[in-house]
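Q: Compact mmCIF, C-alpha atoms, file work07.txt:
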# COMPACT_ATOMS: atom_id res chain seq x y z
CA MET R 26 146.40 115.80 110.73
CA PRO R 27 147.80 113.19 108.32
CA ASP R 28 145.52 112.33 105.44
CA LYS R 29 146.93 108.83 105.23
CA PRO R 30 146.50 105.98 107.70
CA ALA R 31 149.36 105.49 110.13
CA TYR R 32 148.85 101.73 110.13
CA ASN R 33 148.04 98.95 107.73
CA LEU R 34 144.38 98.01 108.17
CA VAL R 35 144.96 94.51 106.81
CA GLU R 36 147.66 93.98 109.42
CA PHE R 37 145.22 95.00 112.15
CA VAL R 38 142.47 92.70 110.85
CA THR R 39 144.94 89.83 110.52
CA CYS R 40 146.07 90.33 114.10
CA CYS R 41 142.45 90.20 115.30
CA ASP R 42 142.24 86.85 113.52
CA LYS R 43 145.59 85.23 114.26
CA ASN R 44 146.71 86.89 117.50
CA PRO R 45 143.64 88.18 119.34
CA GLU R 46 145.58 88.20 122.60
CA GLU R 47 147.66 91.03 121.09
CA VAL R 48 144.59 93.25 120.75
CA TYR R 49 143.03 95.23 123.60
CA MET R 50 139.79 97.11 123.82
CA ILE R 51 139.16 100.19 125.90
CA GLY R 52 136.16 99.76 128.21
CA ASN R 53 133.95 102.30 126.44
CA ALA R 54 134.60 100.67 123.08
CA LEU R 55 133.48 97.30 124.42
CA ARG R 56 130.39 98.80 126.05
CA ASP R 57 129.43 100.45 122.75
CA ALA R 58 130.10 97.21 120.85
CA ARG R 59 127.68 95.48 123.20
CA ASN R 60 124.97 98.12 123.17
CA ILE R 61 125.08 99.00 119.48
CA PHE R 62 126.33 95.92 117.65
CA HIS R 63 125.25 93.09 120.01
CA LEU R 64 128.88 92.04 120.33
CA HIS R 65 129.11 91.22 124.00
CA THR R 66 132.68 90.16 124.63
CA GLU R 67 136.09 91.15 123.35
CA PRO R 68 136.48 87.82 121.50
CA ASP R 69 133.09 88.48 119.86
CA VAL R 70 134.35 91.84 118.53
CA LEU R 71 137.69 90.49 117.35
CA LYS R 72 136.09 87.52 115.58
CA PHE R 73 133.65 89.91 113.91
CA ILE R 74 136.51 92.08 112.63
CA ALA R 75 138.55 89.03 111.62
CA ASN R 76 135.59 87.65 109.68
CA ASN R 77 135.46 90.74 107.43
CA GLY R 78 132.66 92.26 109.48
CA LEU R 79 133.81 95.80 108.64
CA GLU R 80 132.15 96.35 105.26
CA ASN R 81 132.87 99.26 102.94
CA VAL R 82 135.62 100.51 105.21
CA SER R 83 136.45 104.13 104.59
CA PHE R 84 139.40 105.94 106.15
CA ILE R 85 138.45 109.12 107.99
CA ASN R 86 141.62 110.48 109.54
CA SER R 87 144.66 109.82 111.64
CA SER R 88 145.17 111.92 114.73
CA LEU R 89 147.55 112.06 117.66
CA TRP R 90 146.64 110.12 120.78
CA ARG R 91 146.12 113.06 123.11
CA LYS R 92 146.29 111.05 126.32
CA ASN R 93 149.60 109.45 125.53
CA PRO R 94 151.53 109.71 128.81
CA ASP R 95 154.83 109.71 126.91
CA PRO R 96 154.66 112.72 124.57
CA VAL R 97 158.15 111.99 123.25
CA VAL R 98 156.78 109.09 121.28
CA GLU R 99 154.08 110.18 118.85
CA ILE R 100 151.25 107.68 118.62
CA PHE R 101 148.59 108.16 115.98
CA ILE R 102 145.04 106.84 116.07
CA ASP R 103 143.50 105.75 112.76
CA ALA R 104 139.75 106.21 112.43
CA TYR R 105 137.53 104.47 109.90
CA GLU R 106 133.86 104.32 109.07
CA PHE R 107 132.33 101.02 108.07
CA MET R 108 128.97 99.51 107.32
CA THR R 109 127.46 96.51 109.03
CA GLY R 110 123.87 95.58 108.37
CA GLY R 111 122.14 98.94 108.21
CA ILE R 112 124.47 100.67 110.65
CA LEU R 113 127.22 103.09 109.78
CA GLY R 114 129.93 102.28 112.29
CA TYR R 115 133.08 103.98 113.48
CA ILE R 116 136.26 102.31 114.65
CA ALA R 117 139.43 103.93 115.92
CA PHE R 118 142.56 102.01 116.84
CA PHE R 119 146.27 102.43 117.36
CA LYS R 120 149.39 100.46 118.05
CA ASN R 121 150.99 101.17 121.41
CA ILE R 122 154.70 101.40 122.20
CA LYS R 123 154.83 97.66 122.82
CA GLY R 124 153.37 96.92 119.40
CA LYS R 125 149.96 95.82 120.73
CA TRP R 126 146.83 96.97 118.98
CA VAL R 127 144.34 98.99 121.00
CA ILE R 128 140.75 99.51 119.88
CA LYS R 129 139.92 102.90 121.29
CA SER R 130 136.43 103.39 119.82
CA PHE R 131 133.83 101.11 118.28
CA HIS R 132 130.47 102.73 117.90
CA GLN R 133 127.88 104.14 115.53
CA SER R 134 129.36 106.89 113.41
CA ASN R 135 128.50 110.41 114.49
CA GLU R 136 129.27 111.58 110.96
CA ARG R 137 125.82 110.62 109.76
CA GLY R 138 125.82 110.30 106.05
CA GLY R 139 129.60 110.51 105.93
CA ILE R 140 129.90 107.79 103.32
CA MET R 141 126.90 109.16 101.44
CA GLU R 142 128.37 112.65 101.62
CA ALA R 143 131.66 111.38 100.21
CA ALA R 144 129.83 109.56 97.43
CA LEU R 145 127.85 112.70 96.55
CA LYS R 146 131.05 114.74 96.54
CA LYS R 147 132.67 112.25 94.22
CA ALA R 148 129.61 112.20 91.97
CA LYS R 149 129.68 116.02 91.82
CA GLU R 150 133.36 116.03 90.97
CA LYS R 151 132.71 113.65 88.11
CA GLY R 152 129.79 115.74 86.91
CA PHE R 153 127.14 113.07 87.50
CA ILE R 154 125.14 115.52 89.61
CA LYS R 155 125.14 119.29 89.97
CA MET P 24 153.98 90.84 140.81
CA THR P 25 153.52 94.25 139.26
CA ILE P 26 150.82 94.62 136.70
CA GLU P 27 151.14 97.08 133.86
CA CYS P 28 148.62 98.91 131.77
CA PRO P 29 148.65 97.09 128.43
CA ILE P 30 147.81 100.35 126.70
CA CYS P 31 150.65 102.61 127.92
CA GLY P 32 152.85 100.43 130.14
CA SER P 33 152.17 102.40 133.33
CA SER P 34 152.03 100.40 136.54
CA ASN P 35 149.72 102.95 138.08
CA LEU P 36 146.53 100.91 137.83
CA GLU P 37 143.41 100.90 139.95
CA ARG P 38 141.31 97.75 140.06
CA THR P 39 137.58 98.01 140.67
CA LEU P 40 134.78 95.49 141.04
CA SER P 41 131.28 96.47 140.06
CA THR P 42 127.93 94.95 139.20
CA GLU P 43 127.16 95.43 135.53
CA ILE P 44 123.73 95.09 133.97
CA LEU P 45 123.70 93.10 130.74
CA LYS P 46 120.73 94.07 128.63
CA GLY P 47 119.53 91.30 126.38
CA ASP P 48 116.83 90.90 123.77
CA LEU P 49 113.07 90.76 124.36
CA GLY P 50 113.47 93.27 127.19
CA LYS P 51 115.41 90.80 129.35
CA ALA P 52 118.37 91.75 131.50
CA THR P 53 120.74 90.14 133.92
CA SER P 54 123.79 91.19 135.90
CA TYR P 55 127.34 90.03 136.44
CA LYS P 56 130.35 91.04 138.50
CA GLN P 57 132.74 93.05 136.38
CA ILE P 58 136.43 93.55 137.04
CA SER P 59 137.76 96.75 135.60
CA TYR P 60 141.06 98.62 135.62
CA MET P 61 141.66 102.33 135.44
CA CYS P 62 145.09 103.50 134.32
CA LEU P 63 146.15 106.72 136.02
CA GLY P 64 148.84 107.15 133.38
CA CYS P 65 146.80 107.23 130.17
CA GLU P 66 143.31 107.42 131.74
CA SER P 67 142.24 104.32 129.85
CA GLU P 68 139.73 102.03 131.46
CA GLY P 69 138.76 98.48 130.67
CA ASP P 70 139.05 94.76 131.19
CA PHE P 71 142.79 94.85 130.47
CA PHE P 72 143.49 91.27 131.46
CA LYS P 73 140.43 89.74 129.80
CA GLU P 74 138.95 88.56 133.09
CA ASN P 75 135.28 89.25 132.36
CA THR P 76 134.68 87.10 129.30
CA ASP P 77 133.65 83.99 131.25
CA ALA P 78 131.32 85.98 133.51
CA ILE P 79 129.69 87.65 130.47
CA ASN P 80 129.26 84.33 128.69
CA LEU P 81 127.63 82.91 131.82
CA ALA P 82 125.28 85.90 131.95
CA LEU P 83 124.48 85.39 128.25
CA ASP P 84 123.62 81.75 129.02
CA THR P 85 121.19 82.97 131.67
CA LEU P 86 119.59 85.30 129.14
CA ARG P 87 119.39 82.53 126.56
CA ASN P 88 117.49 80.35 129.04
CA GLU P 89 115.16 83.28 129.66
CA TYR P 90 114.43 83.63 125.93
CA VAL P 91 113.67 79.93 125.62
CA LYS P 92 111.43 79.93 128.69
CA SER P 93 109.65 83.09 127.55
CA THR P 94 108.81 81.70 124.12
CA LEU P 95 107.79 78.27 125.31
CA ASP P 96 105.63 79.80 128.05
CA TYR P 97 104.03 81.96 125.36
CA PHE P 98 103.24 78.85 123.31
CA ALA P 99 101.73 77.15 126.37
CA ASP P 100 99.70 80.23 127.37
CA ASN P 101 98.32 80.55 123.85
CA LYS P 102 97.51 76.85 123.52
CA ILE P 103 100.08 76.38 120.81
CA ASN P 104 100.91 72.71 120.92
CA PHE P 105 104.62 71.87 121.04
CA SER P 106 104.13 68.86 118.77
CA SER P 107 102.45 71.06 116.19
CA VAL P 108 105.29 73.56 116.27
CA GLU P 109 107.82 70.74 115.89
CA ARG P 110 105.86 69.31 112.97
CA ILE P 111 105.53 72.68 111.24
CA LEU P 112 109.20 73.53 111.66
CA ASN P 113 110.43 70.04 110.86
CA LEU P 114 112.07 69.74 114.26
CA PRO P 115 112.44 66.30 115.84
CA GLN P 116 109.49 65.58 118.10
CA ARG P 117 109.97 66.50 121.78
CA THR P 118 112.68 69.03 120.90
CA LEU P 119 110.80 71.89 122.55
CA THR P 120 110.00 69.83 125.63
CA LYS P 121 113.67 68.96 125.99
CA TRP P 122 114.57 72.63 125.68
CA LYS P 123 111.91 73.57 128.23
CA ASN P 124 113.08 70.94 130.72
CA GLY P 125 116.74 71.75 130.18
CA VAL P 126 117.48 68.23 128.93
CA SER P 127 119.14 69.81 125.90
CA GLN P 128 120.05 73.34 124.93
CA PRO P 129 119.07 75.03 121.68
CA SER P 130 121.88 76.25 119.48
CA ALA P 131 122.33 79.98 118.82
CA ALA P 132 120.29 79.49 115.65
CA GLY P 133 117.57 77.72 117.65
CA VAL P 134 117.42 80.59 120.13
CA ALA P 135 117.20 83.09 117.27
CA LEU P 136 114.28 81.10 115.80
CA LEU P 137 112.49 81.13 119.15
CA LYS P 138 112.97 84.89 119.47
CA PHE P 139 111.43 85.43 116.04
CA LEU P 140 108.50 83.18 116.93
CA ARG P 141 107.98 85.02 120.20
CA VAL P 142 107.83 88.39 118.39
CA PHE P 143 106.11 87.17 115.20
CA PRO P 144 104.10 84.05 116.09
CA TRP P 145 102.40 84.25 112.67
CA LEU P 146 105.67 82.96 111.19
CA LEU P 147 104.39 79.54 112.22
CA ASP P 148 101.50 80.09 109.82
CA VAL P 149 104.00 81.01 107.10
CA ALA P 150 105.89 77.77 107.72
CA GLU P 151 102.62 75.83 107.76
CA HIS P 152 102.00 77.13 104.23
CA SER P 153 105.39 75.87 103.05
CA TYR P 154 106.82 79.39 102.93
CA ASP P 155 104.78 80.18 99.82
CA TYR P 156 105.62 83.78 99.00
CA ASP P 157 102.14 85.09 98.12
CA THR P 158 100.49 83.33 101.03
CA SER P 159 103.20 84.59 103.35
CA GLN P 160 102.53 88.17 102.26
CA LYS P 161 98.83 87.75 103.00
CA ILE P 162 99.54 86.26 106.41
CA PHE P 163 101.86 89.14 107.16
CA LEU P 164 99.34 91.80 106.11
CA ARG P 165 96.51 90.13 107.96
CA SER P 166 98.61 90.00 111.08
CA ALA P 167 99.62 93.64 110.70
CA PHE P 168 95.98 94.72 110.27
CA ASN P 169 95.02 92.69 113.25
CA MET P 170 97.66 94.34 115.37
CA MET P 171 96.66 97.81 114.22
CA LEU P 172 93.05 97.13 115.07
CA HIS P 173 93.91 96.49 118.67
CA LYS P 174 95.61 99.87 118.84
CA THR P 175 92.75 101.68 117.17
CA SER P 176 89.76 103.28 118.74
CA PHE P 177 87.20 104.71 116.39
CA SER P 178 83.69 105.92 116.69
CA GLU P 179 80.84 105.95 114.30
CA ASP P 180 80.99 109.72 114.23
CA ASP P 181 84.46 109.66 112.71
CA THR P 182 83.40 107.76 109.66
CA MET P 183 83.00 109.63 106.40
CA GLU P 184 83.39 107.21 103.57
CA ALA P 185 84.06 103.59 102.87
CA GLY P 186 84.70 101.51 99.83
CA ALA P 187 86.78 98.82 98.28
CA PHE P 188 89.51 98.42 95.70
CA ILE P 189 89.31 95.17 93.84
CA THR P 190 91.85 93.93 91.37
CA ASN P 191 92.08 90.52 89.77
CA LYS P 192 94.59 89.55 92.44
CA SER P 193 93.48 91.32 95.58
CA LYS P 194 90.68 93.05 97.38
CA LEU P 195 91.04 95.92 99.75
CA MET P 196 88.31 97.49 101.82
CA TYR P 197 88.72 100.85 103.44
CA ILE P 198 87.06 103.46 105.56
CA TYR P 199 88.04 107.09 105.20
CA THR P 200 87.54 109.27 108.22
CA GLU P 201 87.95 112.80 109.35
CA LYS P 202 88.57 112.93 113.02
CA ASN P 203 86.35 115.39 114.89
CA GLY P 204 84.55 116.15 111.66
CA GLU P 205 80.80 116.20 111.30
CA THR P 206 79.27 112.93 110.37
CA LEU P 207 77.29 112.85 107.18
CA PRO P 208 74.07 110.98 107.97
CA ALA P 209 74.04 109.34 104.58
CA LYS P 210 77.39 107.80 105.27
CA LYS P 211 76.43 106.35 108.61
CA ASN P 212 75.24 103.07 107.23
CA LEU P 213 78.72 102.48 105.88
CA MET P 214 79.74 101.59 109.38
CA ASN P 215 77.64 98.51 109.08
CA PRO P 216 79.99 95.84 107.84
CA ASN P 217 77.14 94.00 106.21
CA ASN P 218 76.44 97.04 104.05
CA LEU P 219 80.08 97.45 103.34
CA SER P 220 80.69 93.93 102.22
CA ALA P 221 77.39 93.46 100.43
CA GLY P 222 78.50 95.09 97.23
CA ILE P 223 81.74 93.29 96.79
CA ASP P 224 83.00 89.86 96.05
CA GLN P 225 81.97 87.41 98.73
CA ASN P 226 85.41 85.88 98.50
CA VAL P 227 86.76 88.93 100.23
CA LEU P 228 87.91 87.99 103.65
CA TRP P 229 85.66 89.90 106.00
CA ASP P 230 86.64 90.00 109.56
CA ARG P 231 85.88 93.32 111.11
CA ASN P 232 87.48 92.21 114.36
CA THR P 233 90.82 91.50 112.89
CA ALA P 234 91.69 93.89 110.13
CA MET P 235 91.99 97.63 110.14
CA ILE P 236 94.69 100.23 109.82
CA ASN P 237 94.53 103.59 111.45
CA ASN P 238 97.23 106.13 111.00
CA LEU P 239 97.08 108.04 114.25
CA GLU P 240 99.40 110.75 113.03
CA HIS P 241 96.87 112.31 110.69
CA ASP P 242 93.40 113.60 111.22
CA ASN P 243 92.25 112.35 107.87
CA GLU P 244 92.97 108.75 107.36
CA ILE P 245 92.16 105.61 105.55
CA LYS P 246 91.36 102.57 107.57
CA LEU P 247 91.92 99.33 105.77
CA PHE P 248 89.34 96.82 106.76
CA SER P 249 90.24 93.74 104.94
CA TYR P 250 92.72 92.41 102.49
CA LEU P 251 92.90 89.08 100.77
As a first step, turn the structure in this file into structure tokens.

A:
Amino acid sequence: MPDKPAYNLVEFVTCCDKNPEEVYMIGNALRDARNIFHLHTEPDVLKFIANNGLENVSFINSSLWRKNPDPVVEIFIDAYEFMTGGILGYIAFFKNIKGKWVIKSFHQSNERGGIMEAALKKAKEKGFIK
Amino acid sequence: MTIECPICGSSNLERTLSTEILKGDLGKATSYKQISYMCLGCESEGDFFKENTDAINLALDTLRNEYVKSTLDYFADNKINFSSVERILNLPQRTLTKWKNGVSQPSAAGVALLKFLRVFPWLLDVAEHSYDYDTSQKIFLRSAFNMMLHKTSFSEDDTMEAGAFITNKSKLMYIYTEKNGETLPAKKNLMNPNNLSAGIDQNVLWDRNTAMINNLEHDNEIKLFSYL
């Protein structure tokens, strides 16, 4: 599992802003966006992302798209945690073979305290806490 | 014309039409017809050709009208005069009537304001007091106590002790109880609000019908009777 993102996050955010028709959302991602973040439509989600709605973005991992019907071409999915309001969110996206962005997941992070855990780890490494 | 899955490029797509429930705020909900595609190639599902956005926006409009109606009906039911609300909030006169009659539509910000007023009607009182911070805090606490009182059932037998904390800025009256405990006869008279308030500053707001806190999670608790 690569420890670096497969894609440029800024490029993704810019595309949400400038070329929203080039971005697709999987049905579950849109349903979660509606139920968790009050973002009801795909344009609502893309405008939110374009407007720097993903605060304190933190890269989690990059993993292979398991349901890729063409296994010859490796497609990676980048996953990030972000904050919005008081919610720790999770977004996962990839670029398909045609160069279109696909938002695969957009929900509340299951890694509760992930950012806090990372901060504590960093603080421990620097000797701020034991 | 062949349609392709925008995710993987497969042309093996299944189109379905379903009725989707759109849950809104204030417990409201509405429904709309949703077009969805299932790709048998990559097993992705969604509104691949962005056909539902208009239907969702229409459903959201329906919900918005529900919020407006709900709040304005609440004002009418509680004898809250529209003109007063407009004066307090510095809205042009007849704004609420126009919203109610559908002559004009509130903006998203206007709808948000109405939702807040429906859930926290005491915000009108805050606005009436020019959003003064200290006064607003008192209004908030008074409202909270009032709400707690309506959820509280207490009997004379629960009461064990009562008293008041008075500082130069605030006064707080309380009753301490032990649920299911034995009542001390000497403490019984503390249930009489006249006895309770007699020893403290008469400026203390005393309204036994409107202010009390009861923490139902604990057997021993402090009930706040009044705060000013």

Q: Looking at P:Gly50, P:Gly32, P:Pro144, P:Pro129, which one is nearest to chain R, with distances taken over only C-alpha atoms?

A: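 With only C-alpha atoms as the atom set, the closest residue is P:Gly32.
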
Q: Once you count all atoms listed in the file, what closest atom pair and distance in Å to one decimal does each residue of chain R within 7 Å of chain P have, with rows by chain and rising residue number, as a Markdown table?

A:
| residue | atom | partner | partner_atom | distance |
| --- | --- | --- | --- | --- |
| R:Tyr49 | CA | P:Phe71 | CA | 6.9 |
| R:Ile51 | CA | P:Gly69 | CA | 5.1 |
| R:Gly52 | CA | P:Gly69 | CA | 3.8 |
| R:Thr66 | CA | P:Thr76 | CA | 5.9 |
| R:Lys92 | CA | P:Cys65 | CA | 5.4 |
| R:Asn93 | CA | P:Cys65 | CA | 5.9 |
| R:Pro94 | CA | P:Cys65 | CA | 5.5 |
| R:Asn121 | CA | P:Ile30 | CA | 6.2 |
| R:Val127 | CA | P:Ile30 | CA | 6.8 |

Q: Take CA of Leu119 in chain P and CA of Ala82 in chain P and report the distance between them in Å, one decimal.

A: 22.2 Å

Q: Just give me the residues with any atom within 12 Å of (109.0, 72.0, 112.8), file coordinates, counting only C-alpha atoms, written as a list in words.

A: Asn104, Phe105, Ser106, Ser107, Val108, Glu109, Arg110, Ile111, Leu112, Asn113, Leu114, Pro115, Gln116, Arg117, Thr118, Leu119, Gly133, Leu136, Leu137, Leu140, Leu146, Leu147, Asp148, Val149, Ala150, Glu151 and Ser153 of chain P

Q: Which one of P:Arg141, P:Tyr156, P:Val134, P:Ser127 sits closest to Ala99 in chain P if you count all atoms listed in the file?

A: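 Of the candidates, the smallest distance to Ala99 in chain P is held by P:Arg141.
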
Q: Residues within 8 Å of Val70 in chain R, please, as a ChimeraX atom specification. Count all atoms listed in the file; anything in the same chain fewer than 5 positions from it doesn't count.

A: /R:58,64-65

Q: What does the distance between CA of Ile85 in chain R and CA of Ile102 in chain R come to in Å, to one decimal place?

A: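 Going from CA of Ile85 in chain R over to CA of Ile102 in chain R covers 10.7 Å.
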
Q: Find the residues near Trp90 in chain R: any atom within 9 Å, counting all atoms listed in the file, skip ones fewer than 5 places away on the same chain, and give them as an MDAnalysis selection string.

A: chainID R and resid 99:102 119

Q: Just the number, please: distance in Å from CA of Tyr55 in chain P to CA of Arg59 in chain R, one decimal.

A: 14.3 Å

Q: Tell me which protein, DNA and RNA residues are within 7 Å of Ser41 in chain P, counting only C-alpha atoms, leaving out same-chain ones fewer than 5 positions away, and put them as a ChimeraX atom specification.

A: /P:56-58

Q: Would you write out those residues with C-alpha atoms, as an mmCIF file, in the coordinates of the input?

A:
data_model
loop_
_atom_site.group_PDB
_atom_site.id
_atom_site.type_symbol
_atom_site.label_atom_id
_atom_site.label_comp_id
_atom_site.auth_asym_id
_atom_site.auth_seq_id
_atom_site.Cartn_x
_atom_site.Cartn_y
_atom_site.Cartn_z
ATOM 1 C CA LYS P 56 130.350 91.040 138.500
ATOM 2 C CA GLN P 57 132.740 93.050 136.380
ATOM 3 C CA ILE P 58 136.430 93.550 137.040
#

Q: So, counting all atoms listed in the file, which residue among R:Ser130, R:Asn44, R:Gly111, R:Phe118 is closest to Leu89 in chain R?

A: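 So, comparing all the options, the nearest one is R:Phe118.
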
Q: Excluding Asp28 in chain R and any residue of its chain fewer than 4 positions from it, enumerate the residues within 9 Å of it, using all atoms listed in the file, and give them as a JSON list (two decimals) with C-alpha atoms, in the coordinates of the input.

A:
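Result file around.json:
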[["chain", "number", "residue", "atom", "x", "y", "z"],
["R", 84, "PHE", "CA", 139.40, 105.94, 106.15],
["R", 85, "ILE", "CA", 138.45, 109.12, 107.99],
["R", 86, "ASN", "CA", 141.62, 110.48, 109.54],
["R", 87, "SER", "CA", 144.66, 109.82, 111.64]]

Q: Please identify all polymer residues lying at most 10 Å from the point (110.7, 82.2, 124.6) (file coordinates), using only C-alpha atoms, and present the result as number ranges by chain.

A: P: 49, 87-98, 123, 134-142

Q: Please list as an mmCIF file with C-alpha atoms, in the frame of the given file every residue within 9 Å of Asn81 in chain R, counting only C-alpha atoms and excluding residues in the same chain fewer than 6 positions away.

A:
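The resulting file, out_31.cif, is reproduced below:
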data_model
loop_
_atom_site.group_PDB
_atom_site.id
_atom_site.type_symbol
_atom_site.label_atom_id
_atom_site.label_comp_id
_atom_site.auth_asym_id
_atom_site.auth_seq_id
_atom_site.Cartn_x
_atom_site.Cartn_y
_atom_site.Cartn_z
ATOM 1 C CA GLU R 106 133.860 104.320 109.070
ATOM 2 C CA PHE R 107 132.330 101.020 108.070
ATOM 3 C CA MET R 108 128.970 99.510 107.320
ATOM 4 C CA THR R 109 127.460 96.510 109.030
#

Q: Go through R:Ile154, R:Leu55, R:Ile122, R:Val48 one by one, measure the shortest atom-to-atom distance of each to Val98 in chain R using only C-alpha atoms, and give the residue with the smallest value.

A: R:Ile122
